[in-house]
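Working notes, structure below.
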Amino acid sequence: MPELVGVVEHDEITIALVEEYVSGEPLGWEGLIARLAAGDDAHDDVGKLGRAAAALHRRLAAALGTRLADTEDVDAEHHAAATAMADAGRLGEFATAIDARLAELDRLAGARLQRVHGDLHVGQVLRASRGLVVIDFEGDPSLPLAERSRERSPLVDHASLLLSLDHAGCAAARCEPSFDWRAWSSGARTACVTAYEQEAGSIDPELLRALEVAKELRELVYASRWLPEWLYAPKTVLPTLLEDHT
């Protein structure tokens with residue numbers, strides 16, 4: 001992540017941040033999608049993404065601390081997910097499976113929380129001379145500002161990152177129909193999770209999947225309201241997150 005250079009405040013309110021300028025090229029979206037469509041599996045970069053996410057979480061935890069989740073934190077995640085599900089609407093045959101997945105958000109109780117990126121995906125990563133650098137810390141644009149700054153599980157970021165790999169695969173398959181995005185995504189997910197766990201320790205796969213479903217519901221809402229040409233991606237990916245609950 002870029003180094004913080006300075007902060008501008010007024011009446012104890014932060015109104016601007018000055019960060020180090022990092023020269024580099026985006027890892028995604030367009031570049032990754034083109035590589036996949038051309039036959040490059042990009043698995044080396046996927047492993048680096050997992051390690052970069054782990055390094056980001058270490059730095060944020062060291063600078064801003066951690067705590068354990070309580071019932072209010074669990075309730076907040078359930079509320080955000082329920083709101084997204086209501087806003088998504090017309091989920092039909094998937095509603096029961098979604099409810100079953102979201103019930104696993106209860107596993108957050110007692111888990112470690114910290115400040116997170118909030119909207120970590122392949123488009124938020126630069127390939128720089130020093131390696132991969134995570135940028136754009138504005139948080140999840142689908143959440144209110146107050147929600148973006150609260151402490152959450154680091155798996156929130158990992159869920160978002162994994163979904164972005166799925167989305168990139170979907171987009172590549174639209175460019176090159178012979179590309180098997182599900183086979184690629186399965187391998188990419190394994191590489192990313194393995195790399196993350198090697199740096200940060202084991203993760204709870206059921207909680208991770210629940211957070212993925214919650215994030216994908218918000219992605220559906222965001223795409224339908226602001227980016228309808230992208231709606232095909234979450235519509236394609238969401239059912240795959242529910243397969244053993246349908």
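If you're wondering about the labels, chains in the structure tokens are A, B, ... by order shown, residues count from 1 in each chain, ligands from 1 in order shown.
Those residues in segment 16-235 of chain A carrying a DSSP assignment of strand (DSSP E), computed from the backbone, are Ala16, Leu17, Val18, Glu19, Gly24, Glu25, Pro26, Thr66, Arg67, Leu68, Arg112, Leu113, Gln114, Val125, Leu126, Arg127, Ala128, Gly131, Leu132, Val133 and Val134 of chain A.
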Using N, CA, C and O atoms, can you write the selected residues to a file as a JSON list (two decimals), in the first residue's frame?
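Saved as result17.json:
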```json
[["chain", "number", "residue", "atom", "x", "y", "z"],
["A", 16, "ALA", "N", -8.76, 15.44, 3.91],
["A", 16, "ALA", "CA", -7.91, 15.02, 2.80],
["A", 16, "ALA", "C", -6.72, 14.23, 3.32],
["A", 16, "ALA", "O", -6.27, 14.43, 4.45],
["A", 17, "LEU", "N", -6.25, 13.32, 2.49],
["A", 17, "LEU", "CA", -5.03, 12.56, 2.75],
["A", 17, "LEU", "C", -4.06, 12.79, 1.61],
["A", 17, "LEU", "O", -4.46, 12.93, 0.46],
["A", 18, "VAL", "N", -2.79, 12.82, 1.93],
["A", 18, "VAL", "CA", -1.74, 12.89, 0.91],
["A", 18, "VAL", "C", -0.94, 11.59, 1.00],
["A", 18, "VAL", "O", -0.38, 11.26, 2.05],
["A", 19, "GLU", "N", -0.91, 10.87, -0.11],
["A", 19, "GLU", "CA", -0.22, 9.58, -0.14],
["A", 19, "GLU", "C", 0.93, 9.61, -1.14],
["A", 19, "GLU", "O", 0.94, 10.42, -2.08],
["A", 24, "GLY", "N", 3.02, 2.60, -11.71],
["A", 24, "GLY", "CA", 2.81, 1.21, -12.08],
["A", 24, "GLY", "C", 1.64, 1.07, -13.02],
["A", 24, "GLY", "O", 1.01, 2.06, -13.41],
["A", 25, "GLU", "N", 1.33, -0.15, -13.38],
["A", 25, "GLU", "CA", 0.20, -0.41, -14.26],
["A", 25, "GLU", "C", -0.80, -1.29, -13.54],
["A", 25, "GLU", "O", -0.41, -2.16, -12.74],
["A", 26, "PRO", "N", -2.09, -1.10, -13.76],
["A", 26, "PRO", "CA", -3.09, -1.91, -13.08],
["A", 26, "PRO", "C", -2.96, -3.39, -13.45],
["A", 26, "PRO", "O", -2.72, -3.74, -14.60],
["A", 66, "THR", "N", -6.40, -4.50, 16.56],
["A", 66, "THR", "CA", -7.43, -5.50, 16.30],
["A", 66, "THR", "C", -8.28, -5.67, 17.56],
["A", 66, "THR", "O", -7.91, -5.21, 18.64],
["A", 67, "ARG", "N", -9.41, -6.32, 17.39],
["A", 67, "ARG", "CA", -10.25, -6.70, 18.53],
["A", 67, "ARG", "C", -11.08, -7.90, 18.12],
["A", 67, "ARG", "O", -11.07, -8.30, 16.94],
["A", 68, "LEU", "N", -11.81, -8.46, 19.08],
["A", 68, "LEU", "CA", -12.64, -9.62, 18.79],
["A", 68, "LEU", "C", -14.08, -9.19, 18.54],
["A", 68, "LEU", "O", -14.59, -8.27, 19.19],
["A", 112, "ARG", "N", -11.34, -12.33, 14.86],
["A", 112, "ARG", "CA", -10.55, -11.10, 14.90],
["A", 112, "ARG", "C", -11.07, -10.09, 13.89],
["A", 112, "ARG", "O", -11.32, -10.43, 12.74],
["A", 113, "LEU", "N", -11.22, -8.86, 14.34],
["A", 113, "LEU", "CA", -11.64, -7.76, 13.48],
["A", 113, "LEU", "C", -10.54, -6.71, 13.41],
["A", 113, "LEU", "O", -9.72, -6.59, 14.34],
["A", 114, "GLN", "N", -10.53, -5.94, 12.33],
["A", 114, "GLN", "CA", -9.57, -4.87, 12.17],
["A", 114, "GLN", "C", -10.07, -3.94, 11.07],
["A", 114, "GLN", "O", -11.08, -4.20, 10.43],
["A", 125, "VAL", "N", -5.24, -2.95, -7.65],
["A", 125, "VAL", "CA", -3.87, -3.40, -7.45],
["A", 125, "VAL", "C", -2.99, -2.94, -8.61],
["A", 125, "VAL", "O", -3.35, -3.15, -9.78],
["A", 126, "LEU", "N", -1.88, -2.31, -8.28],
["A", 126, "LEU", "CA", -0.91, -1.88, -9.28],
["A", 126, "LEU", "C", 0.29, -2.82, -9.28],
["A", 126, "LEU", "O", 0.75, -3.27, -8.23],
["A", 127, "ARG", "N", 0.80, -3.09, -10.48],
["A", 127, "ARG", "CA", 2.07, -3.81, -10.60],
["A", 127, "ARG", "C", 3.18, -2.75, -10.66],
["A", 127, "ARG", "O", 3.34, -2.06, -11.67],
["A", 128, "ALA", "N", 3.92, -2.60, -9.58],
["A", 128, "ALA", "CA", 4.96, -1.59, -9.47],
["A", 128, "ALA", "C", 6.33, -2.26, -9.39],
["A", 128, "ALA", "O", 6.44, -3.49, -9.30],
["A", 131, "GLY", "N", 6.74, -4.59, -6.54],
["A", 131, "GLY", "CA", 5.78, -5.67, -6.43],
["A", 131, "GLY", "C", 4.36, -5.15, -6.57],
["A", 131, "GLY", "O", 4.13, -4.06, -7.10],
["A", 132, "LEU", "N", 3.40, -5.92, -6.09],
["A", 132, "LEU", "CA", 2.00, -5.50, -6.17],
["A", 132, "LEU", "C", 1.69, -4.51, -5.05],
["A", 132, "LEU", "O", 2.04, -4.74, -3.89],
["A", 133, "VAL", "N", 1.00, -3.43, -5.41],
["A", 133, "VAL", "CA", 0.66, -2.38, -4.45],
["A", 133, "VAL", "C", -0.85, -2.17, -4.48],
["A", 133, "VAL", "O", -1.43, -1.94, -5.54],
["A", 134, "VAL", "N", -1.47, -2.26, -3.31],
["A", 134, "VAL", "CA", -2.91, -2.06, -3.19],
["A", 134, "VAL", "C", -3.21, -0.57, -3.06],
["A", 134, "VAL", "O", -2.56, 0.14, -2.28]]
```
Quiz item: So which residues of segment 55-170 of chain A fall under alpha helix (DSSP H) by DSSP, listed as a PyMOL selection string?
Solution: chain A and resi 55-64+71-88+95-102+145-148+155-170
Exercise. Tell me which of A:Met1, A:Leu32, A:Leu165, A:Ala183 sits closest to Asp136 of chain A, counting only C-alpha atoms.
Key: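 Going through A:Met1, A:Leu32, A:Leu165, A:Ala183 one by one, the smallest distance to Asp136 of chain A is for A:Met1.
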Quiz item: Quick one: residues within 8 Å of segment 231-239 of chain A, only C-alpha atoms counted, chain neighbours fewer than 4 positions away excluded, as an MDAnalysis selection string?
Solution: chainID A and resid 94 163 166:167 170:171 213 216:217 219:220 223:224 227 243
Quiz prompt | Shell around segment 138-152 of chain A at 12 Å using only C-alpha atoms, local window under 4 positions removed, as an MDAnalysis selection string | solution = chainID A and resid 16:17 57 60:61 64:70 72:74 76:77 79:81 83:84 87 105 108:121 124 134 156:158 160 211 214:226
Quiz item: Any idea what's packed within 12 Å of Pro205 of chain A, counting only C-alpha atoms, ignoring anything in its chain fewer than 2 positions away? Could you give it as a ChimeraX atom specification?
Solution: /A:101,104-105,107-108,155,158-159,189-190,193-194,197,202-203,207-212,241
Self-check item: 8 Å contact set for Leu36 of chain A, only C-alpha atoms, chain neighbours under 4 positions out, as a list in words
Solution: Leu32, Asp40, Asp41, Ala42, Gly169, Ala172 and Phe179 of chain A
Exercise. Quick one: everything within 10 Å of Ala195 of chain A, counting only C-alpha atoms, minus sequence neighbours fewer than 4 positions away in the same chain. Send it as a list in words.
Key: Val46, Gly47, Lys48, Leu49, Gly50, Arg51, Ala52, Ala53, Ala54, Arg189, Thr190, Ala191, Glu199, Ala200 and Gly201 of chain A
For those residues, write N, CA, C and O atoms to a file as a PDB file, in the first residue's frame.
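Here's the written file selection-v5.pdb:
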```
ATOM      1  N   VAL A  46      -1.978 -14.519  -9.350  1.00  0.00           N
ATOM      2  CA  VAL A  46      -3.042 -14.811  -8.390  1.00  0.00           C
ATOM      3  C   VAL A  46      -2.450 -15.125  -7.023  1.00  0.00           C
ATOM      4  O   VAL A  46      -2.941 -14.653  -5.984  1.00  0.00           O
ATOM      5  N   GLY A  47      -1.369 -15.900  -6.999  1.00  0.00           N
ATOM      6  CA  GLY A  47      -0.694 -16.167  -5.735  1.00  0.00           C
ATOM      7  C   GLY A  47      -0.145 -14.900  -5.112  1.00  0.00           C
ATOM      8  O   GLY A  47      -0.228 -14.694  -3.898  1.00  0.00           O
ATOM      9  N   LYS A  48       0.386 -14.025  -5.940  1.00  0.00           N
ATOM     10  CA  LYS A  48       0.904 -12.752  -5.431  1.00  0.00           C
ATOM     11  C   LYS A  48      -0.207 -11.898  -4.849  1.00  0.00           C
ATOM     12  O   LYS A  48       0.004 -11.167  -3.874  1.00  0.00           O
ATOM     13  N   LEU A  49      -1.406 -11.976  -5.431  1.00  0.00           N
ATOM     14  CA  LEU A  49      -2.543 -11.242  -4.892  1.00  0.00           C
ATOM     15  C   LEU A  49      -2.865 -11.710  -3.476  1.00  0.00           C
ATOM     16  O   LEU A  49      -3.152 -10.890  -2.586  1.00  0.00           O
ATOM     17  N   GLY A  50      -2.847 -13.014  -3.267  1.00  0.00           N
ATOM     18  CA  GLY A  50      -3.114 -13.540  -1.930  1.00  0.00           C
ATOM     19  C   GLY A  50      -2.092 -13.062  -0.918  1.00  0.00           C
ATOM     20  O   GLY A  50      -2.442 -12.669   0.201  1.00  0.00           O
ATOM     21  N   ARG A  51      -0.828 -13.060  -1.313  1.00  0.00           N
ATOM     22  CA  ARG A  51       0.225 -12.593  -0.400  1.00  0.00           C
ATOM     23  C   ARG A  51       0.120 -11.084  -0.160  1.00  0.00           C
ATOM     24  O   ARG A  51       0.364 -10.605   0.950  1.00  0.00           O
ATOM     25  N   ALA A  52      -0.246 -10.342  -1.201  1.00  0.00           N
ATOM     26  CA  ALA A  52      -0.400  -8.892  -1.044  1.00  0.00           C
ATOM     27  C   ALA A  52      -1.537  -8.570  -0.078  1.00  0.00           C
ATOM     28  O   ALA A  52      -1.439  -7.641   0.741  1.00  0.00           O
ATOM     29  N   ALA A  53      -2.629  -9.326  -0.157  1.00  0.00           N
ATOM     30  CA  ALA A  53      -3.749  -9.109   0.766  1.00  0.00           C
ATOM     31  C   ALA A  53      -3.330  -9.392   2.199  1.00  0.00           C
ATOM     32  O   ALA A  53      -3.679  -8.645   3.125  1.00  0.00           O
ATOM     33  N   ALA A  54      -2.577 -10.467   2.402  1.00  0.00           N
ATOM     34  CA  ALA A  54      -2.107 -10.791   3.749  1.00  0.00           C
ATOM     35  C   ALA A  54      -1.182  -9.705   4.289  1.00  0.00           C
ATOM     36  O   ALA A  54      -1.275  -9.315   5.460  1.00  0.00           O
ATOM     37  N   ARG A 189      -8.757 -19.534  -7.312  1.00  0.00           N
ATOM     38  CA  ARG A 189      -9.191 -19.399  -5.926  1.00  0.00           C
ATOM     39  C   ARG A 189      -8.284 -20.193  -4.987  1.00  0.00           C
ATOM     40  O   ARG A 189      -7.878 -19.700  -3.927  1.00  0.00           O
ATOM     41  N   THR A 190      -7.985 -21.426  -5.374  1.00  0.00           N
ATOM     42  CA  THR A 190      -7.117 -22.264  -4.537  1.00  0.00           C
ATOM     43  C   THR A 190      -5.754 -21.618  -4.367  1.00  0.00           C
ATOM     44  O   THR A 190      -5.196 -21.570  -3.254  1.00  0.00           O
ATOM     45  N   ALA A 191      -5.188 -21.098  -5.456  1.00  0.00           N
ATOM     46  CA  ALA A 191      -3.867 -20.465  -5.391  1.00  0.00           C
ATOM     47  C   ALA A 191      -3.895 -19.220  -4.509  1.00  0.00           C
ATOM     48  O   ALA A 191      -2.971 -18.984  -3.712  1.00  0.00           O
ATOM     49  N   GLU A 199       0.697 -16.843   4.604  1.00  0.00           N
ATOM     50  CA  GLU A 199       1.168 -15.609   5.230  1.00  0.00           C
ATOM     51  C   GLU A 199       0.381 -15.240   6.487  1.00  0.00           C
ATOM     52  O   GLU A 199       0.934 -14.670   7.422  1.00  0.00           O
ATOM     53  N   ALA A 200      -0.915 -15.554   6.495  1.00  0.00           N
ATOM     54  CA  ALA A 200      -1.790 -15.041   7.555  1.00  0.00           C
ATOM     55  C   ALA A 200      -2.411 -16.125   8.430  1.00  0.00           C
ATOM     56  O   ALA A 200      -3.116 -15.809   9.381  1.00  0.00           O
ATOM     57  N   GLY A 201      -2.171 -17.389   8.130  1.00  0.00           N
ATOM     58  CA  GLY A 201      -2.784 -18.462   8.896  1.00  0.00           C
ATOM     59  C   GLY A 201      -4.087 -18.930   8.271  1.00  0.00           C
ATOM     60  O   GLY A 201      -4.605 -18.321   7.341  1.00  0.00           O
TER      61      GLY A 201
END
```
Quiz prompt | Separation of atom CA of Pro2 of chain A from atom CA of Ile33 of chain A, in Å and rounded to one decimal | solution =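 Interatomic distance, atom CA of Pro2 of chain A to atom CA of Ile33 of chain A: 25.1 Å.
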